[in-house]
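Taking it in order: structure first as C-alpha cells, then the write-up.
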Amino acid sequence: MTARHVLLPALWLFFALFLFYPLFYVVQGAFWVPDASGEGGRLSLELFGLLFSNRLYVNSFLNSLAIAGLTTVFSLLLALPLSMAFLRWEFPGKRLLQSLLLVPLILPPFVGAIGIQHFFSRFGTVNLILANLGLIDLQNPVDWFGASGLYGVVLVETLHSFPILFLTLSAALANVDPSLQAAASNLGASGWRVFRTVSLPLALPGVVAGGALIFVNAFTDLGTPLIFNFQETVPTQIFNAAGESGINPIGYALVLTTLAGVVVFFVLTRILGESGTYAMLGRASSEAGARRLPGGLGWLVTLAVTLLLALALLPHFGVALNSVAERWFMTPWPEAYTARFYHEVFDDEFTQLIIRNSLFYASLSATLDLVLGVAIAHLLAREKFFGKAALDAVAMLPLALPGLVLAFGFVMSFNFQEGGAWGWLAWMNPRNDPTFLLVVSYAVRRLPYIVRAAYAGYQQTSVVLEEASHNLGGGFWYTLRRVTVPLIAANLIAGTVLTFCFAMLEVSDSLILAMEARYAPITRGIYDLMGRPDPQAAMLACALGVLAMLLLGGALFLASRLLGRSLGSLFRV
C-alpha cells in the first residue's frame, strides 16, 4: 500500500468531518423546521420567511451591506491614487513608506477599534482639542461614530483594509503594458483619459479581486461591531444565536443566507473580472517608467502619503497610548504614563490564563496544520490521482469561507448531549469544553497557508533527490523525514509560524466557540476585558493588543525573510 492510499482517505475524512459536516448541518438546519415535541419536523422555507419578515434581521443585513459597501468604496478611494503615485513617481522616502503602508494589516480591526475610540468618542481627544480651541461646545460634542456606531465601524474597517487593495492595485497597474498608454497619449488623449480608458480597465481584475476580499471581510467581521456595541449587523446576530443556551433555528437561516450571499458575490465578481479581455501583447512593466518629481513637488507627495499613513496607524497609536496611560479621563492626552500594564499582563490571573490557553490552542493547531499541509502538498506535487484538483480546491476553500459561518456550524453540529444517542461524543461539545473544536477550527481556517508554503517548497525541490533515496532503499516515510523535509524546512517554518500567529489572533472562532472565561484565548479575553466597567481593564486589554501586534508583525517579517516573493502565494485562493 502506497502513501497515497493512506493519506488520501485520511485527508478526505478530515474534511468530511470538520468542513463538510458542519456546513451540511447548517444547510439542513435552515430547511428543517422541528415540531413542538422536538422529536420530528418537516422540510420548509418557513425560517427564511421569518428571517426576512423580522425587522431586526432585515436591518442587520442592510447595515452589514452598508458597512461592506462603504468600506470597499473608501478603501478604493484611498488605494487608487496611492497606487498610481507609487507607480508613476519617484519621491523621497518612497521605499520606506511603501513598506510602512502594510503595517495596518498587523492589527486585528477589533483591537484597532479599542484604540480609536479614545480619539473620536464624544469626550475623546478630538472633541476635547476642538473644545479647547473654542470650535465646539462640550455640551453638544460631535458624534463622530454616529448614534449606532456605524461610522466608527466603517472607519476602522477602511483603515485596516485599504492596504489590501493597494497591494492588488499596485500589482495590476504595474503589469499594464506602457506601450498601450503611450499609444493613447500619442493619439491625443489626456492623462486622465488614458487612465480612465486604458490603465484602469486593464487593471480591473486586480480591482475586483481586492474589492471582493475587502467587501466579504467587512461584511462578516464580528469583532469590530461588538467593540462599538453595534448589535444590528449580521455577524453580531449570528454571534448571539450561537451563544444562546437553547438552539435558535433562525440562526441556521441567517448563516445560510450569509454563506449563499458570499458565494453569489464571489461568483459575480469572478464573472465581472473575466467578462473582458485583459491580456496584453507586451510584458513590460509600468514600474520602469516612474519619473522623479522635482524637489518641492516630491516632498509634497511624501507629506501627503505620510499623513495618510499617520491616519491609518491611528488605531495602532491609540492602542499603544492606552496601554501606557496611567490616567486618561476628560483630557486630550494621558495625564500620566506607566508600563505597569505590561507587567500585569504576565501577573494577572485572567491574562495568564488566556495567554496559556492561546499558546496551547495555537501550538496544537499549527502542529496539525503542519502534518496536514505536508501531506496535501506532497499529494499535489508528487502524486497523480483522480480528484487532485478537487483536493486542491477544498484545501484552499477556508480562505474564502467566513470564519463565523464555520464556527456557527461547529457549535450547532457538535452539540452532542450526555445521555443522548451520541452522548459518548459529548466531550466535543463546545458548550462543555471548546478546546478540541478551537484547535480544529484554527487548523482548518489557516490550513491554506501551510499548504501553499509546503507546495512552493516541493516545486523548488527536484524530485530526482527523492527518487535517488527510493532507489537506495529508502521508503516513503524515511525519504520524507531525511530528504524532503530538510530541503523544504524554510517553507515549513514560515508557514507554521504564520499559522501559529494567526491562530493566536483568530477572532470569529474564538468569540463564538469559547463561551466560558476559563477557556478563553487572547482575542476572547480582550473582548471580555473591554466589557468590564473598570477602565484599568481596558488598559490591560490594550497592552495585550500591543503584544499581539508585535507577535504578528514579527511573524510576517520572519516569513518574508524565509519565503521572499513566495510569501504572496500563501494568500492566493
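Following the order of the C-alpha cells, first chain is A, next is B, and so on, with residues numbered from 1 inside each chain and ligands from 1 in the order they appear.
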Contacts of Ala85 of chain A at 9 Å (only C-alpha atoms; same-chain gap of 5+ positions) as a PyMOL selection string: chain A and resi 80+90+301
Could you write out that same residue set with N, CA, C and O atoms as a PDB file, in the first residue's frame?
```
ATOM      1  N   LEU A  80      -6.485  53.792  -4.757  1.00  0.00           N
ATOM      2  CA  LEU A  80      -6.283  54.076  -6.183  1.00  0.00           C
ATOM      3  C   LEU A  80      -5.277  55.212  -6.409  1.00  0.00           C
ATOM      4  O   LEU A  80      -4.285  55.014  -7.127  1.00  0.00           O
ATOM      5  N   GLU A  90       8.743  58.972  -8.528  1.00  0.00           N
ATOM      6  CA  GLU A  90       9.795  58.744  -7.540  1.00  0.00           C
ATOM      7  C   GLU A  90       9.816  59.959  -6.618  1.00  0.00           C
ATOM      8  O   GLU A  90       9.860  61.104  -7.088  1.00  0.00           O
ATOM      9  N   VAL A 301       4.295  65.199  -2.136  1.00  0.00           N
ATOM     10  CA  VAL A 301       3.711  63.855  -2.235  1.00  0.00           C
ATOM     11  C   VAL A 301       4.102  63.028  -1.007  1.00  0.00           C
ATOM     12  O   VAL A 301       3.276  62.298  -0.442  1.00  0.00           O
TER      13      VAL A 301
END
```
Taking only C-alpha atoms into account, produce a table as a Markdown table in which each residue of segment 449-540 of chain A with an atom at most 10 Å from an atom of segment 323-328 of chain A appears once, together with its shortest atom pair and the distance in Å to one decimal, ordered by chain and rising number.
```
| residue | atom | partner | partner_atom | distance |
| --- | --- | --- | --- | --- |
| A:Pro535 | CA | A:Trp328 | CA | 9.4 |
| A:Gln536 | CA | A:Glu326 | CA | 8.6 |
| A:Ala538 | CA | A:Ser323 | CA | 8.3 |
| A:Met539 | CA | A:Ser323 | CA | 4.9 |
| A:Leu540 | CA | A:Ser323 | CA | 6.5 |
```
Separation of atom CA of Ala503 of chain A from atom CA of Arg446 of chain A, in Å and rounded to one decimal: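 For atom CA of Ala503 of chain A relative to atom CA of Arg446 of chain A, the distance reads 7.5 Å.
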Nearest residue to Val27 of chain A from the set A:Leu372, A:Leu254, A:Ala171, A:Leu87 (distances using only C-alpha atoms): A:Leu254
Å distance separating atom CA of Asp347 of chain A from atom CA of Ala443 of chain A, one decimal place: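 Atom CA of Asp347 of chain A sits 29.4 Å away from atom CA of Ala443 of chain A.
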Selection near Ser358 of chain A, 7 Å with only C-alpha atoms, sequence-local residues under 6 positions removed, as a PyMOL selection string: chain A and resi 504+521-522
Written selection (all heavy atoms) as a PDB file, in the first residue's frame:
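again29.pdb written:
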```pdb
ATOM      1  N   MET A 504      -3.285  32.486  17.080  1.00  0.00           N
ATOM      2  CA  MET A 504      -3.249  33.240  18.333  1.00  0.00           C
ATOM      3  C   MET A 504      -4.191  34.441  18.287  1.00  0.00           C
ATOM      4  O   MET A 504      -4.742  34.855  19.318  1.00  0.00           O
ATOM      5  CB  MET A 504      -1.827  33.731  18.621  1.00  0.00           C
ATOM      6  CG  MET A 504      -0.838  32.655  19.026  1.00  0.00           C
ATOM      7  SD  MET A 504      -0.963  32.175  20.760  1.00  0.00           S
ATOM      8  CE  MET A 504      -0.294  33.615  21.585  1.00  0.00           C
ATOM      9  N   PRO A 521      -9.293  32.254  24.726  1.00  0.00           N
ATOM     10  CA  PRO A 521      -7.975  32.623  24.188  1.00  0.00           C
ATOM     11  C   PRO A 521      -7.803  34.141  24.263  1.00  0.00           C
ATOM     12  O   PRO A 521      -8.655  34.848  24.814  1.00  0.00           O
ATOM     13  CB  PRO A 521      -8.050  32.135  22.742  1.00  0.00           C
ATOM     14  CG  PRO A 521      -9.505  32.185  22.406  1.00  0.00           C
ATOM     15  CD  PRO A 521     -10.270  31.951  23.676  1.00  0.00           C
ATOM     16  N   ILE A 522      -6.715  34.653  23.707  1.00  0.00           N
ATOM     17  CA  ILE A 522      -6.385  36.064  23.862  1.00  0.00           C
ATOM     18  C   ILE A 522      -7.462  36.982  23.308  1.00  0.00           C
ATOM     19  O   ILE A 522      -7.874  37.944  23.972  1.00  0.00           O
ATOM     20  CB  ILE A 522      -5.022  36.356  23.199  1.00  0.00           C
ATOM     21  CG1 ILE A 522      -3.876  35.807  24.060  1.00  0.00           C
ATOM     22  CG2 ILE A 522      -4.826  37.860  23.001  1.00  0.00           C
ATOM     23  CD1 ILE A 522      -2.509  36.008  23.466  1.00  0.00           C
TER      24      ILE A 522
END
```
Distance criterion (only C-alpha atoms): nearest to Ala489 of chain A out of A:Gly473, A:Gly457, A:Pro34, A:Gly423: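 Ranked by minimum distance to Ala489 of chain A, first place goes to A:Gly457.
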Non-local contacts of Ser83 of chain A (10 Å; only C-alpha atoms; under 5 positions in same chain excluded) as a list in words: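 Those residues are Leu78, Arg88, Gln98, Pro163, Leu165, Phe166, Leu167, Thr168, Leu169, Ser170, Ala171, Ala172, Leu173 and Ala174 of chain A.
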Kindly save the residues from that selection, with all heavy atoms included, as a short mmCIF file (atom, residue, chain, number, x, y, z; two decimals), in the first residue's frame.
```
data_model
loop_
_atom_site.label_atom_id
_atom_site.label_comp_id
_atom_site.auth_asym_id
_atom_site.auth_seq_id
_atom_site.Cartn_x
_atom_site.Cartn_y
_atom_site.Cartn_z
N LEU A 78 -8.93 55.54 -1.35
CA LEU A 78 -7.60 55.73 -0.77
C LEU A 78 -6.52 55.01 -1.57
O LEU A 78 -5.44 55.55 -1.81
CB LEU A 78 -7.58 55.24 0.68
CG LEU A 78 -8.37 56.04 1.71
CD1 LEU A 78 -8.30 55.34 3.07
CD2 LEU A 78 -7.82 57.45 1.83
N ARG A 88 3.91 55.78 -10.66
CA ARG A 88 4.33 56.75 -11.67
C ARG A 88 5.46 57.66 -11.22
O ARG A 88 6.17 58.22 -12.07
CB ARG A 88 3.13 57.61 -12.08
CG ARG A 88 2.07 56.85 -12.86
CD ARG A 88 1.00 57.79 -13.37
NE ARG A 88 0.10 57.13 -14.30
CZ ARG A 88 -0.89 57.74 -14.95
NH1 ARG A 88 -1.07 59.04 -14.75
NH2 ARG A 88 -1.67 57.08 -15.76
N GLN A 98 6.33 52.73 1.35
CA GLN A 98 5.66 51.58 0.74
C GLN A 98 5.64 50.39 1.70
O GLN A 98 4.66 49.65 1.77
CB GLN A 98 6.36 51.20 -0.57
CG GLN A 98 5.56 50.22 -1.42
CD GLN A 98 6.11 50.13 -2.83
OE1 GLN A 98 7.25 50.55 -3.10
NE2 GLN A 98 5.32 49.61 -3.74
N PRO A 163 -4.85 48.84 2.64
CA PRO A 163 -3.57 48.31 2.13
C PRO A 163 -3.73 47.06 1.28
O PRO A 163 -2.90 46.81 0.40
CB PRO A 163 -2.80 48.01 3.42
CG PRO A 163 -3.37 48.93 4.45
CD PRO A 163 -4.82 49.00 4.11
N LEU A 165 -6.17 46.47 -0.89
CA LEU A 165 -6.48 46.96 -2.23
C LEU A 165 -5.29 47.68 -2.84
O LEU A 165 -5.08 47.62 -4.07
CB LEU A 165 -7.70 47.89 -2.16
CG LEU A 165 -8.48 48.11 -3.46
CD1 LEU A 165 -8.87 46.79 -4.09
CD2 LEU A 165 -9.73 48.94 -3.18
N PHE A 166 -4.50 48.34 -2.03
CA PHE A 166 -3.28 48.99 -2.52
C PHE A 166 -2.33 47.96 -3.13
O PHE A 166 -1.75 48.18 -4.20
CB PHE A 166 -2.60 49.73 -1.36
CG PHE A 166 -1.21 50.21 -1.68
CD1 PHE A 166 -0.99 51.25 -2.56
CD2 PHE A 166 -0.11 49.59 -1.10
CE1 PHE A 166 0.29 51.68 -2.86
CE2 PHE A 166 1.18 50.02 -1.39
CZ PHE A 166 1.38 51.07 -2.28
N LEU A 167 -2.19 46.80 -2.47
CA LEU A 167 -1.31 45.75 -2.99
C LEU A 167 -1.82 45.20 -4.32
O LEU A 167 -1.06 45.04 -5.28
CB LEU A 167 -1.21 44.62 -1.97
CG LEU A 167 -0.37 44.88 -0.72
CD1 LEU A 167 -0.47 43.72 0.25
CD2 LEU A 167 1.08 45.15 -1.08
N THR A 168 -3.12 44.86 -4.39
CA THR A 168 -3.66 44.27 -5.62
C THR A 168 -3.67 45.28 -6.76
O THR A 168 -3.37 44.93 -7.91
CB THR A 168 -5.08 43.73 -5.38
OG1 THR A 168 -5.93 44.80 -4.92
CG2 THR A 168 -5.07 42.63 -4.34
N LEU A 169 -4.00 46.53 -6.45
CA LEU A 169 -4.00 47.56 -7.49
C LEU A 169 -2.59 47.85 -8.01
O LEU A 169 -2.37 48.01 -9.21
CB LEU A 169 -4.61 48.84 -6.95
CG LEU A 169 -6.12 49.02 -7.11
CD1 LEU A 169 -6.58 50.27 -6.38
CD2 LEU A 169 -6.51 49.10 -8.58
N SER A 170 -1.64 47.91 -7.09
CA SER A 170 -0.25 48.18 -7.49
C SER A 170 0.25 47.09 -8.43
O SER A 170 0.89 47.38 -9.45
CB SER A 170 0.65 48.27 -6.26
OG SER A 170 0.28 49.35 -5.44
N ALA A 171 -0.04 45.83 -8.08
CA ALA A 171 0.40 44.73 -8.94
C ALA A 171 -0.29 44.77 -10.29
O ALA A 171 0.34 44.55 -11.34
CB ALA A 171 0.12 43.40 -8.23
N ALA A 172 -1.60 45.05 -10.29
CA ALA A 172 -2.35 45.06 -11.55
C ALA A 172 -1.92 46.21 -12.45
O ALA A 172 -1.73 46.05 -13.66
CB ALA A 172 -3.84 45.14 -11.26
N LEU A 173 -1.76 47.40 -11.88
CA LEU A 173 -1.36 48.56 -12.68
C LEU A 173 0.07 48.44 -13.17
O LEU A 173 0.41 48.91 -14.27
CB LEU A 173 -1.52 49.84 -11.85
CG LEU A 173 -2.97 50.27 -11.56
CD1 LEU A 173 -2.99 51.41 -10.54
CD2 LEU A 173 -3.67 50.70 -12.84
N ALA A 174 0.94 47.80 -12.36
CA ALA A 174 2.33 47.64 -12.78
C ALA A 174 2.45 46.72 -13.99
O ALA A 174 3.42 46.82 -14.75
CB ALA A 174 3.16 47.09 -11.63
#
```
Given only C-alpha atoms as the counted atoms, nearest of A:Thr158, A:Pro141, A:Leu404, A:Phe557 to Ala241 of chain A: A:Leu404
Distance query segment 380-392 of chain A at most 10 Å, only C-alpha atoms, self and fewer than 4 positions along chain excluded, as a ChimeraX atom specification: /A:3-4,8,11-12,15,374-376,396-397,448,451-452,454-459,463,573
Non-local contacts of His316 of chain A (8 Å; only C-alpha atoms; under 5 positions in same chain excluded) as a ChimeraX atom specification: /A:104,107,112,115,546
A:Arg445, A:Arg292, A:Arg270, A:Arg431 ranked by distance to Ala517 of chain A, top pick (using only C-alpha atoms):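 Smallest separation from Ala517 of chain A among the options: A:Arg431.
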Shortest interatomic distance to Ser148 of chain A - which of A:Phe230, A:Phe74, A:Phe120, A:Phe350, counting only C-alpha atoms: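 For Ser148 of chain A, the nearest of the given residues is A:Phe230.
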Picked from segment 20-88 of chain A by DSSP as strand (DSSP E), as a list in words: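 Selecting the strand (DSSP E) positions of segment 20-88 of chain A gives Trp32, Val33, Pro34, Gly41, Arg42 and Leu43 of chain A.
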Residue set, segment 35-262 of chain A restricted to helix (DSSP H, G or I), as a ChimeraX atom specification: /A:46-53,55-88,94-100,103-106,109-120,125-132,150-174,178-186,191-202,204-220,223-227,234-243,250-262
